[in-house]
Every structure is written in C-alpha cells, then in structure tokens.
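Text of protein08.txt (compact mmCIF, C-alpha atoms) as supplied:
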```txt
# COMPACT_ATOMS: atom_id res chain seq x y z
CA MET A 897 93.75 19.15 180.09
CA THR A 898 95.08 19.23 176.54
CA ARG A 899 98.12 21.34 175.82
CA THR A 900 98.19 23.32 172.65
CA ASP A 901 101.43 23.35 170.74
CA PRO A 902 102.24 26.93 169.61
CA THR A 903 103.54 25.49 166.36
CA ASP A 904 100.19 23.85 165.67
CA ALA A 905 98.38 27.08 166.50
CA GLY A 906 100.58 28.99 164.08
CA THR A 907 99.96 26.36 161.43
CA GLU A 908 96.22 26.62 161.89
CA THR A 909 96.46 30.38 161.57
CA LEU A 910 98.30 30.02 158.28
CA ARG A 911 95.69 27.56 157.06
CA GLY A 912 92.86 29.93 157.91
CA ASP A 913 91.72 33.01 156.15
CA PRO A 914 94.09 33.77 153.22
CA ARG A 915 93.91 37.44 154.16
CA ARG A 916 95.88 36.63 157.33
CA ARG A 917 98.83 35.34 155.34
CA ARG A 918 100.08 38.76 154.37
CA VAL A 919 103.49 39.48 155.82
CA ARG A 920 103.89 42.89 157.34
CA ALA A 921 107.18 44.77 157.48
CA PRO A 922 109.02 44.11 160.76
CA GLY A 923 108.66 46.97 163.20
CA GLY A 924 105.59 48.36 161.44
CA GLY A 925 107.52 50.82 159.25
CA VAL A 926 109.82 51.14 156.25
CA PRO A 927 113.51 51.89 156.92
CA LEU A 928 114.57 55.24 155.49
CA PRO A 929 117.58 53.74 153.62
CA LEU A 930 115.08 51.57 151.72
CA LEU A 931 112.30 54.11 151.36
CA VAL A 932 114.40 56.81 149.69
CA PRO A 933 115.83 54.68 146.84
CA ALA A 934 112.42 53.03 146.39
CA LEU A 935 110.80 56.43 145.87
CA LEU A 936 113.63 57.46 143.55
CA GLY A 937 113.07 54.31 141.51
CA LEU A 938 109.34 54.99 141.34
CA ALA A 939 109.97 58.56 140.20
CA PHE A 940 112.53 57.41 137.64
CA LEU A 941 109.95 55.13 136.02
CA THR A 942 106.87 57.34 136.25
CA VAL A 943 108.08 60.94 135.76
CA PRO A 944 108.90 60.46 132.02
CA LEU A 945 105.41 59.07 131.43
CA VAL A 946 103.81 61.91 133.36
CA ALA A 947 105.91 64.39 131.37
CA LEU A 948 104.61 62.85 128.16
CA LEU A 949 101.06 63.47 129.34
CA VAL A 950 101.85 67.01 130.48
CA ARG A 951 103.51 68.02 127.21
CA ALA A 952 100.90 66.37 125.01
CA PRO A 953 99.17 68.71 122.52
CA TRP A 954 95.67 67.82 123.71
CA ARG A 955 93.91 70.51 121.69
CA GLY A 956 95.54 69.45 118.45
CA MET A 957 95.42 65.74 119.21
CA PRO A 958 92.47 64.92 116.90
CA GLU A 959 94.16 66.73 114.03
CA GLN A 960 97.48 65.00 114.70
CA LEU A 961 95.95 61.53 114.84
CA THR A 962 93.72 61.97 111.78
CA GLY A 963 96.54 63.05 109.47
CA ALA A 964 97.09 60.84 106.43
CA ALA A 965 100.64 59.82 107.37
CA VAL A 966 99.74 59.09 110.99
CA TRP A 967 96.69 57.03 110.07
CA GLN A 968 98.73 55.15 107.48
CA ALA A 969 101.37 54.26 110.05
CA LEU A 970 98.73 53.30 112.62
CA GLN A 971 96.86 51.08 110.17
CA LEU A 972 100.06 49.39 109.01
CA SER A 973 101.15 48.81 112.60
CA LEU A 974 97.88 47.17 113.56
CA ILE A 975 97.85 44.95 110.48
CA CYS A 976 101.47 43.87 110.82
CA ALA A 977 101.29 43.29 114.58
CA THR A 978 98.17 41.15 114.12
CA ALA A 979 99.78 39.18 111.30
CA ALA A 980 102.96 38.68 113.35
CA THR A 981 100.86 37.42 116.26
CA ALA A 982 99.06 34.99 113.95
CA VAL A 983 102.40 33.66 112.69
CA SER A 984 103.60 33.33 116.28
CA LEU A 985 100.48 31.36 117.21
CA VAL A 986 100.77 28.97 114.28
CA ILE A 987 104.41 28.03 114.89
CA GLY A 988 104.91 29.14 118.49
CA VAL A 989 102.22 27.04 120.21
CA PRO A 990 103.54 23.76 118.74
CA LEU A 991 107.06 24.80 119.70
CA ALA A 992 105.94 25.48 123.28
CA TRP A 993 104.23 22.06 123.39
CA LEU A 994 107.43 20.41 122.15
CA LEU A 995 109.51 22.09 124.85
CA ALA A 996 107.01 21.29 127.60
CA ARG A 997 105.95 17.75 126.73
CA VAL A 998 108.76 16.04 124.80
CA GLU A 999 112.09 14.95 126.24
CA PHE A 1000 114.88 15.12 123.67
CA PRO A 1001 118.64 15.72 123.75
CA GLY A 1002 119.56 19.39 123.77
CA ARG A 1003 116.17 20.63 124.94
CA GLY A 1004 117.82 23.15 127.24
CA LEU A 1005 119.84 24.53 124.34
CA VAL A 1006 116.74 24.78 122.17
CA ARG A 1007 114.91 26.65 124.94
CA ALA A 1008 117.85 29.05 125.27
CA LEU A 1009 117.83 29.71 121.52
CA VAL A 1010 114.08 30.31 121.57
CA THR A 1011 114.36 32.88 124.36
CA LEU A 1012 117.48 34.54 122.93
CA PRO A 1013 115.52 37.24 121.02
CA LEU A 1014 114.24 38.47 124.39
CA VAL A 1015 117.72 39.67 125.37
CA LEU A 1016 119.20 40.17 121.92
CA PRO A 1017 119.40 43.84 120.84
CA PRO A 1018 116.66 44.32 118.23
CA VAL A 1019 119.09 45.87 115.76
CA VAL A 1020 121.24 42.75 115.99
CA GLY A 1021 118.11 40.71 115.35
CA GLY A 1022 117.47 42.77 112.21
CA VAL A 1023 121.02 42.20 110.99
CA ALA A 1024 120.64 38.48 111.65
CA LEU A 1025 117.41 38.44 109.63
CA LEU A 1026 119.18 40.19 106.77
CA MET A 1027 121.97 37.61 106.83
CA ALA A 1028 119.40 34.80 106.80
CA LEU A 1029 116.55 36.13 104.64
CA GLY A 1030 118.16 38.88 102.57
CA ARG A 1031 118.56 38.47 98.83
CA ASN A 1032 122.06 37.12 99.40
CA GLY A 1033 121.21 35.52 102.73
CA VAL A 1034 121.63 31.91 103.69
CA VAL A 1035 117.95 31.16 103.06
CA GLY A 1036 116.85 34.31 101.25
CA LYS A 1037 118.84 33.63 98.08
CA TRP A 1038 116.99 30.34 97.63
CA LEU A 1039 113.63 31.98 98.31
CA ASP A 1040 114.42 34.56 95.64
CA ALA A 1041 115.75 32.05 93.10
CA TRP A 1042 113.11 29.35 93.52
CA PHE A 1043 109.95 31.26 94.46
CA GLY A 1044 110.72 34.90 93.64
CA ILE A 1045 110.09 35.87 97.28
CA THR A 1046 111.92 38.92 98.61
CA LEU A 1047 111.31 39.80 102.25
CA PRO A 1048 113.64 42.71 103.15
CA PHE A 1049 112.16 46.22 102.80
CA THR A 1050 108.63 44.92 102.26
CA THR A 1051 105.50 44.79 104.38
CA ALA A 1052 106.01 41.03 104.73
CA GLY A 1053 109.47 41.83 106.06
CA VAL A 1054 107.87 43.94 108.79
CA VAL A 1055 105.73 40.96 109.81
CA VAL A 1056 108.79 38.68 109.87
CA ALA A 1057 110.82 41.12 111.97
CA GLU A 1058 108.00 41.62 114.45
CA ALA A 1059 107.31 37.90 114.73
CA PHE A 1060 111.01 37.24 115.37
CA VAL A 1061 111.10 39.48 118.42
CA ALA A 1062 107.56 38.80 119.67
CA MET A 1063 107.18 35.03 119.40
CA PRO A 1064 109.39 34.21 122.44
CA PHE A 1065 106.84 35.95 124.69
CA LEU A 1066 104.15 33.61 123.39
CA VAL A 1067 106.33 30.50 123.66
CA ILE A 1068 107.32 31.24 127.25
CA SER A 1069 103.73 31.91 128.29
CA VAL A 1070 102.32 28.79 126.63
CA GLU A 1071 105.16 26.55 127.83
CA GLY A 1072 104.61 27.67 131.41
CA THR A 1073 100.88 27.00 131.10
CA LEU A 1074 101.55 23.55 129.63
CA ARG A 1075 103.89 22.66 132.46
CA ALA A 1076 101.23 23.66 134.97
CA ALA A 1077 98.52 21.64 133.18
CA ASP A 1078 98.05 18.01 134.21
CA PRO A 1079 99.33 15.74 131.39
CA ARG A 1080 97.12 12.89 132.58
CA TYR A 1081 94.19 14.34 130.65
CA GLU A 1082 96.15 13.89 127.42
CA GLU A 1083 97.18 10.38 128.48
CA ALA A 1084 93.56 9.46 129.23
CA ALA A 1085 92.48 10.72 125.81
CA THR A 1086 95.17 8.67 124.05
CA THR A 1087 94.22 5.52 125.97
CA LEU A 1088 90.65 6.00 124.73
CA GLY A 1089 91.88 5.91 121.14
CA ALA A 1090 92.57 9.54 120.33
CA SER A 1091 95.75 10.42 118.47
CA ARG A 1092 98.28 12.73 120.08
CA PHE A 1093 97.19 15.56 117.80
CA THR A 1094 93.51 14.99 118.56
CA ALA A 1095 94.26 14.93 122.28
CA PHE A 1096 96.14 18.19 121.93
CA ARG A 1097 93.38 19.81 119.87
CA ARG A 1098 90.40 18.58 121.86
CA VAL A 1099 91.80 18.34 125.41
CA THR A 1100 95.05 20.26 125.91
CA LEU A 1101 94.30 23.35 123.85
CA PRO A 1102 91.08 24.21 125.70
CA LEU A 1103 92.91 23.75 129.02
CA ILE A 1104 95.73 26.12 128.10
CA ALA A 1105 93.54 28.64 126.24
CA PRO A 1106 94.02 31.38 128.90
CA GLY A 1107 97.80 31.02 128.67
CA VAL A 1108 97.67 31.11 124.89
CA ALA A 1109 95.51 34.23 124.99
CA ALA A 1110 97.84 35.96 127.45
CA GLY A 1111 100.89 35.06 125.36
CA ALA A 1112 99.19 36.28 122.20
CA VAL A 1113 98.37 39.63 123.78
CA LEU A 1114 101.96 40.03 124.99
CA ALA A 1115 103.29 39.09 121.56
CA TRP A 1116 100.91 41.53 119.86
CA ALA A 1117 101.94 44.39 122.14
CA ARG A 1118 105.63 43.60 121.62
CA ALA A 1119 105.15 43.46 117.85
CA LEU A 1120 103.28 46.76 117.86
CA GLY A 1121 106.17 48.50 119.61
CA GLU A 1122 109.00 46.90 117.64
CA PHE A 1123 111.53 49.34 116.18
CA GLY A 1124 115.13 48.11 115.86
CA ALA A 1125 114.65 44.88 113.92
CA THR A 1126 111.98 46.49 111.72
CA ILE A 1127 114.03 49.48 110.61
CA THR A 1128 117.08 47.28 110.01
CA PHE A 1129 115.35 44.50 108.10
CA ALA A 1130 112.38 46.28 106.50
CA GLY A 1131 113.47 49.92 106.32
CA ASN A 1132 111.33 53.01 106.83
CA PHE A 1133 109.17 53.54 103.77
CA PRO A 1134 105.88 55.41 104.37
CA GLY A 1135 102.86 53.33 103.51
CA ARG A 1136 104.89 50.15 103.10
CA THR A 1137 107.13 49.56 106.11
CA GLN A 1138 106.75 52.66 108.31
CA THR A 1139 105.05 51.47 111.48
CA MET A 1140 104.13 53.68 114.42
CA PRO A 1141 107.47 53.45 116.29
CA LEU A 1142 109.26 54.39 113.07
CA ALA A 1143 106.80 57.23 112.50
CA VAL A 1144 107.50 58.48 116.04
CA TYR A 1145 111.24 58.47 115.34
CA LEU A 1146 110.78 60.33 112.05
CA ALA A 1147 108.27 62.84 113.43
CA LEU A 1148 110.50 63.67 116.39
CA GLN A 1149 112.96 65.26 113.99
CA SER A 1150 110.46 67.52 112.24
CA ASP A 1151 107.15 67.57 114.17
CA PRO A 1152 107.58 66.85 117.91
CA GLU A 1153 103.85 67.29 118.59
CA ALA A 1154 103.02 64.50 116.16
CA ALA A 1155 105.68 62.33 117.80
CA ILE A 1156 104.09 62.93 121.21
CA ALA A 1157 100.62 62.14 119.86
CA LEU A 1158 101.81 58.85 118.38
CA SER A 1159 103.69 58.03 121.57
CA LEU A 1160 100.50 58.51 123.57
CA VAL A 1161 98.70 56.03 121.34
CA LEU A 1162 101.41 53.43 121.98
CA LEU A 1163 101.29 54.27 125.69
CA ALA A 1164 97.52 53.77 125.75
CA VAL A 1165 97.92 50.38 124.06
CA SER A 1166 100.55 49.34 126.60
CA VAL A 1167 98.33 50.36 129.51
CA ALA A 1168 95.41 48.46 127.99
CA VAL A 1169 97.57 45.33 127.66
CA LEU A 1170 98.71 45.58 131.28
CA ALA A 1171 95.13 46.09 132.44
CA GLY A 1172 93.99 43.06 130.48
CA LEU A 1173 96.74 40.86 131.92
CA ARG A 1174 96.58 42.25 135.45
CA ASP A 1175 94.73 39.30 136.97
CA ARG A 1176 97.12 36.79 135.42
CA TRP A 1177 100.55 38.42 135.73
CA MET A 1178 100.24 41.17 138.32
CA ALA A 1179 98.13 39.60 141.05
CA THR A 1180 99.60 40.18 144.50
CA GLY A 1181 96.91 38.66 146.69
```

Show the structure stored in the file as structure tokens.
Amino acid sequence: MTRTDPTDAGTETLRGDPRRRRVRAPGGGVPLPLLVPALLGLAFLTVPLVALLVRAPWRGMPEQLTGAAVWQALQLSLICATAATAVSLVIGVPLAWLLARVEFPGRGLVRALVTLPLVLPPVVGGVALLMALGRNGVVGKWLDAWFGITLPFTTAGVVVAEAFVAMPFLVISVEGTLRAADPRYEEAATTLGASRFTAFRRVTLPLIAPGVAAGAVLAWARALGEFGATITFAGNFPGRTQTMPLAVYLALQSDPEAAIALSLVLLAVSVAVLAGLRDRWMATG
C-alpha cells in the first residue's frame, strides 16, 4: 500500500486548476477593524467622482462642449498630447532599451534621474524647464542665438512640458517589457549577421510592441492631464497654450458648469485608458 504524503497532495492541488489557487480570507470573513477603513478609503476615492457626475450640467453639456473656447482647448490638448507621446516614443524607447540591455557605470543613477519626473512636483518641473530652455536658460539661450528657437510660452513649449512629465511612464513600461523578453532572440539574430539595430528593429521591437503600446497610452493620458509644468513653462494663452486642464482651472473661476463639463471629458478619457489597459495592468486572476 502506497502512502500519500500530504505535502505532495497539497502540491498537486496547487498545480491543478488555476482557479483553486485563490487564497480566501482566514475564517471566511473580513475583520471589522479592516473593513471599516477599507470602506472609508473606497468612499474617499469614489465619492468626489460620483459628485462630479451628480453635479454635471447634463442638459447644457452639448452647448458647453461645443463652445469655441472649449473646442479650442480640447483640440490643442489632443494635438499636444499626441505630439508629446510621439516625442516620448522616439527618444524614450531607445532610452528604455539602453537601461534594460546595456551594462554601464552609473546605470542606477541614470534610471533614478529618468524616473524623477514621476515624483517631482510638476510646477518644479516647469521651473526646471525654464531654467534649462528659457531664453536665458542653460540651453535655451543657445537655441535662441543659433537657431532662433524660443520654446517658453509657445505651443511647442506645451509639447516639451508634457513630454517631460509623461515620458517616464513610457520608459518604465518599455524597460519592464524588455527585461521580461528573452534576449537570446536578439543574440541569435546578431549571430546570423544582423546588426544590433536591425535585430532591435526586426526582432525585439515586435516582441515588445504590447509594452510599447501600453506605455504610449499611459504617456498620452498623462500628457493630456498635465497642468503644473505646462502653466509654468508655457503659460495660459487661449488658442496657443491653453490646454484642457488649464481651461478647467480658468473656467472654475467664472463658469463652474463649463469647468465640470471639461472635467467630465478628462474623466471619460481616464476611464477609457484604464479600460484599455485593464488586461495588462489590472488583472487579478
């Protein structure tokens, strides 16, 4: 008669149907000291959003969103966020590849500097951009003198400010995807005669395309909602630098209903982004 080790039985159970791997709360219930603050936290995060929906001027929403100033801000926001995402893709994907694939001294410091805009107050980021790219900035004075390029308080300045705060989201996403991808495919391509760039373009990039797409969507959403760095570096000029978050701030002082309408548009975009990334970032199974 063969004895069955309980440990082996438990192991087989874990190796079975993935649905059996879910861990249930001990005792079959939730302790009250945990349930109450959890519900308070849920209410703290959801009640303001529900209030925004309740107080929304639904009857006048079409009129609010079709106004000339609102449409101008919406159009500018979409154009600038898309341009900032394109800039982030062009320079952010190679940066992510460098951090993931190349060993060099100070890589940890470089990674920290790349992710710093994630935790840096946006207004501080705008001031830093002014000190670097302003007319008297470290780099900006040479851009103005040599090429006649002035970035602050222009539409291009909006793109720069949004790319500064949004690109780290793309870099982190792509770097994580690159670290999860098997580098042996690149090595096999190089041994067959392909250059490193060709291997990246023909082999690596298709493998990490989902991560690049997810990072681009996150960067676009972050750029669309950027406020602090934009108003500090590019100002708030209607038709030129006034994006939707700036229009919300301005409308709140004179036309709260328009501010709520614009806020709902940004909320809808955020929900759409979360829904699109749900399978990648929010899976719990």

Taking only residues of range 1045-1160 of chain A that have an atom at most 8 Å from an atom of range 964-978 of chain A, what is each one's shortest atom pair and its distance in Å to one decimal, using only C-alpha atoms, in chain and number order, as JSON lines?
```
{"residue": "A:Thr1051", "atom": "CA", "partner": "A:Cys976", "partner_atom": "CA", "distance": 7.7}
{"residue": "A:Val1054", "atom": "CA", "partner": "A:Cys976", "partner_atom": "CA", "distance": 6.7}
{"residue": "A:Val1055", "atom": "CA", "partner": "A:Cys976", "partner_atom": "CA", "distance": 5.3}
{"residue": "A:Glu1058", "atom": "CA", "partner": "A:Ala977", "partner_atom": "CA", "distance": 6.9}
{"residue": "A:Trp1116", "atom": "CA", "partner": "A:Ala977", "partner_atom": "CA", "distance": 5.6}
{"residue": "A:Ala1117", "atom": "CA", "partner": "A:Ala977", "partner_atom": "CA", "distance": 7.7}
{"residue": "A:Ala1119", "atom": "CA", "partner": "A:Ala977", "partner_atom": "CA", "distance": 5.1}
{"residue": "A:Leu1120", "atom": "CA", "partner": "A:Ala977", "partner_atom": "CA", "distance": 5.2}
{"residue": "A:Pro1134", "atom": "CA", "partner": "A:Ala969", "partner_atom": "CA", "distance": 7.3}
{"residue": "A:Gly1135", "atom": "CA", "partner": "A:Gln968", "partner_atom": "CA", "distance": 6.0}
{"residue": "A:Arg1136", "atom": "CA", "partner": "A:Leu972", "partner_atom": "CA", "distance": 7.7}
{"residue": "A:Thr1137", "atom": "CA", "partner": "A:Leu972", "partner_atom": "CA", "distance": 7.6}
{"residue": "A:Gln1138", "atom": "CA", "partner": "A:Ala969", "partner_atom": "CA", "distance": 5.9}
{"residue": "A:Thr1139", "atom": "CA", "partner": "A:Ala969", "partner_atom": "CA", "distance": 4.8}
{"residue": "A:Met1140", "atom": "CA", "partner": "A:Ala969", "partner_atom": "CA", "distance": 5.2}
{"residue": "A:Ala1143", "atom": "CA", "partner": "A:Ala969", "partner_atom": "CA", "distance": 6.7}
{"residue": "A:Leu1158", "atom": "CA", "partner": "A:Val966", "partner_atom": "CA", "distance": 7.7}
```

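Shell of Phe1123 in chain A at 7 Å, with all atoms listed in the file counted and residues fewer than 4 places along the chain excluded, is Ile1127, Pro1141 and Leu1142 of chain A.
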
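Taking CA of Ala1024 in chain A and CA of Ala979 in chain A as the two end points, the separation is 20.9 Å.
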
| field | Within-12 Å shell of (96.6, 26.1, 129.6) in input frame, all atoms listed in the file, as a list of chain:residue names | value | A:Val989, A:Ala992, A:Trp993, A:Ala996, A:Ser1069, A:Val1070, A:Glu1071, A:Gly1072, A:Thr1073, A:Leu1074, A:Arg1075, A:Ala1076, A:Ala1077, A:Asp1078, A:Pro1079, A:Phe1096, A:Val1099, A:Thr1100, A:Leu1101, A:Pro1102, A:Leu1103, A:Ile1104, A:Ala1105, A:Pro1106, A:Gly1107, A:Val1108, A:Ala1109, A:Ala1110, A:Gly1111

| message | Quick one: residues within 9 Å of range 939-951 of chain A, all atoms listed in the file, excluding same-chain residues fewer than 3 positions away - as a PyMOL selection string? | response | chain A and resi 934-936+954+1153+1156+1159-1160+1163

For range 975-979 of chain A, what centre and edge lengths in Å (one decimal) does the axis-aligned box get once 3 Å is added on each side of all its listed atoms, as AutoDock Vina command-line options?
```
--center_x 99.7 --center_y 42.1 --center_z 112.5 --size_x 9.6 --size_y 11.8 --size_z 10.1
```

Who sits within 10 Å of Gly1030 in chain A, all atoms listed in the file, same chain under 4 positions skipped, as an mmCIF file with C-alpha atoms, keeping the file's coordinate frame:
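Everything below was put into out-v6.cif:
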```
data_model
loop_
_atom_site.group_PDB
_atom_site.id
_atom_site.type_symbol
_atom_site.label_atom_id
_atom_site.label_comp_id
_atom_site.auth_asym_id
_atom_site.auth_seq_id
_atom_site.Cartn_x
_atom_site.Cartn_y
_atom_site.Cartn_z
ATOM 1 C CA VAL A 1023 121.020 42.200 110.990
ATOM 2 C CA ALA A 1024 120.640 38.480 111.650
ATOM 3 C CA LEU A 1025 117.410 38.440 109.630
ATOM 4 C CA LEU A 1026 119.180 40.190 106.770
ATOM 5 C CA VAL A 1034 121.630 31.910 103.690
ATOM 6 C CA VAL A 1035 117.950 31.160 103.060
ATOM 7 C CA GLY A 1036 116.850 34.310 101.250
ATOM 8 C CA LYS A 1037 118.840 33.630 98.080
ATOM 9 C CA TRP A 1038 116.990 30.340 97.630
ATOM 10 C CA LEU A 1039 113.630 31.980 98.310
ATOM 11 C CA ASP A 1040 114.420 34.560 95.640
ATOM 12 C CA THR A 1046 111.920 38.920 98.610
ATOM 13 C CA LEU A 1047 111.310 39.800 102.250
ATOM 14 C CA PRO A 1048 113.640 42.710 103.150
ATOM 15 C CA PHE A 1049 112.160 46.220 102.800
ATOM 16 C CA GLY A 1053 109.470 41.830 106.060
ATOM 17 C CA PHE A 1129 115.350 44.500 108.100
#
```

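Of the listed residues A:Thr1011, A:Ser1166, A:Thr1086, A:Gln960, the one whose atoms come nearest to Val1113 in chain A is A:Ser1166, with distances taken using all atoms listed in the file.
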
| remark: Using only C-alpha atoms, the shortest atom-to-atom distance to Leu1009 in chain A among A:Leu1029, A:Val926, A:Val1067, A:Ile987 belongs to A:Val1067

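Of the residues under consideration (A:Gly1124, A:Leu994, A:Ala1041, A:Val1161), A:Gly1124 shows the shortest atom-to-atom contact distance to Tyr1145 in chain A when counting all atoms listed in the file.
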
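As for CA of Ala952 in chain A and CA of Leu1114 in chain A, they are spaced 26.4 Å apart.
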
| request: For Val1010 in chain A, list every protein, DNA or RNA residue within 9 Å, evaluated using only C-alpha atoms, and leave out those in the same chain fewer than 5 positions away; present the list as a ChimeraX atom specification. | output: /A:1005,1063-1064,1067-1068

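Closest approach to Ala1112 in chain A among A:Leu1066, A:Leu961, A:Val1169, A:Leu1016 is made by A:Leu1066 (distances from only C-alpha atoms).
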
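Picture a line from CA of Pro953 in chain A to CA of Ala1154 in chain A; it runs 8.5 Å.
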
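Between Thr1050 in chain A and the residues A:Ala1130, A:Ala1062, A:Ala1085, A:Ala1090, the shortest atom-to-atom distance, using all atoms listed in the file, involves A:Ala1130.
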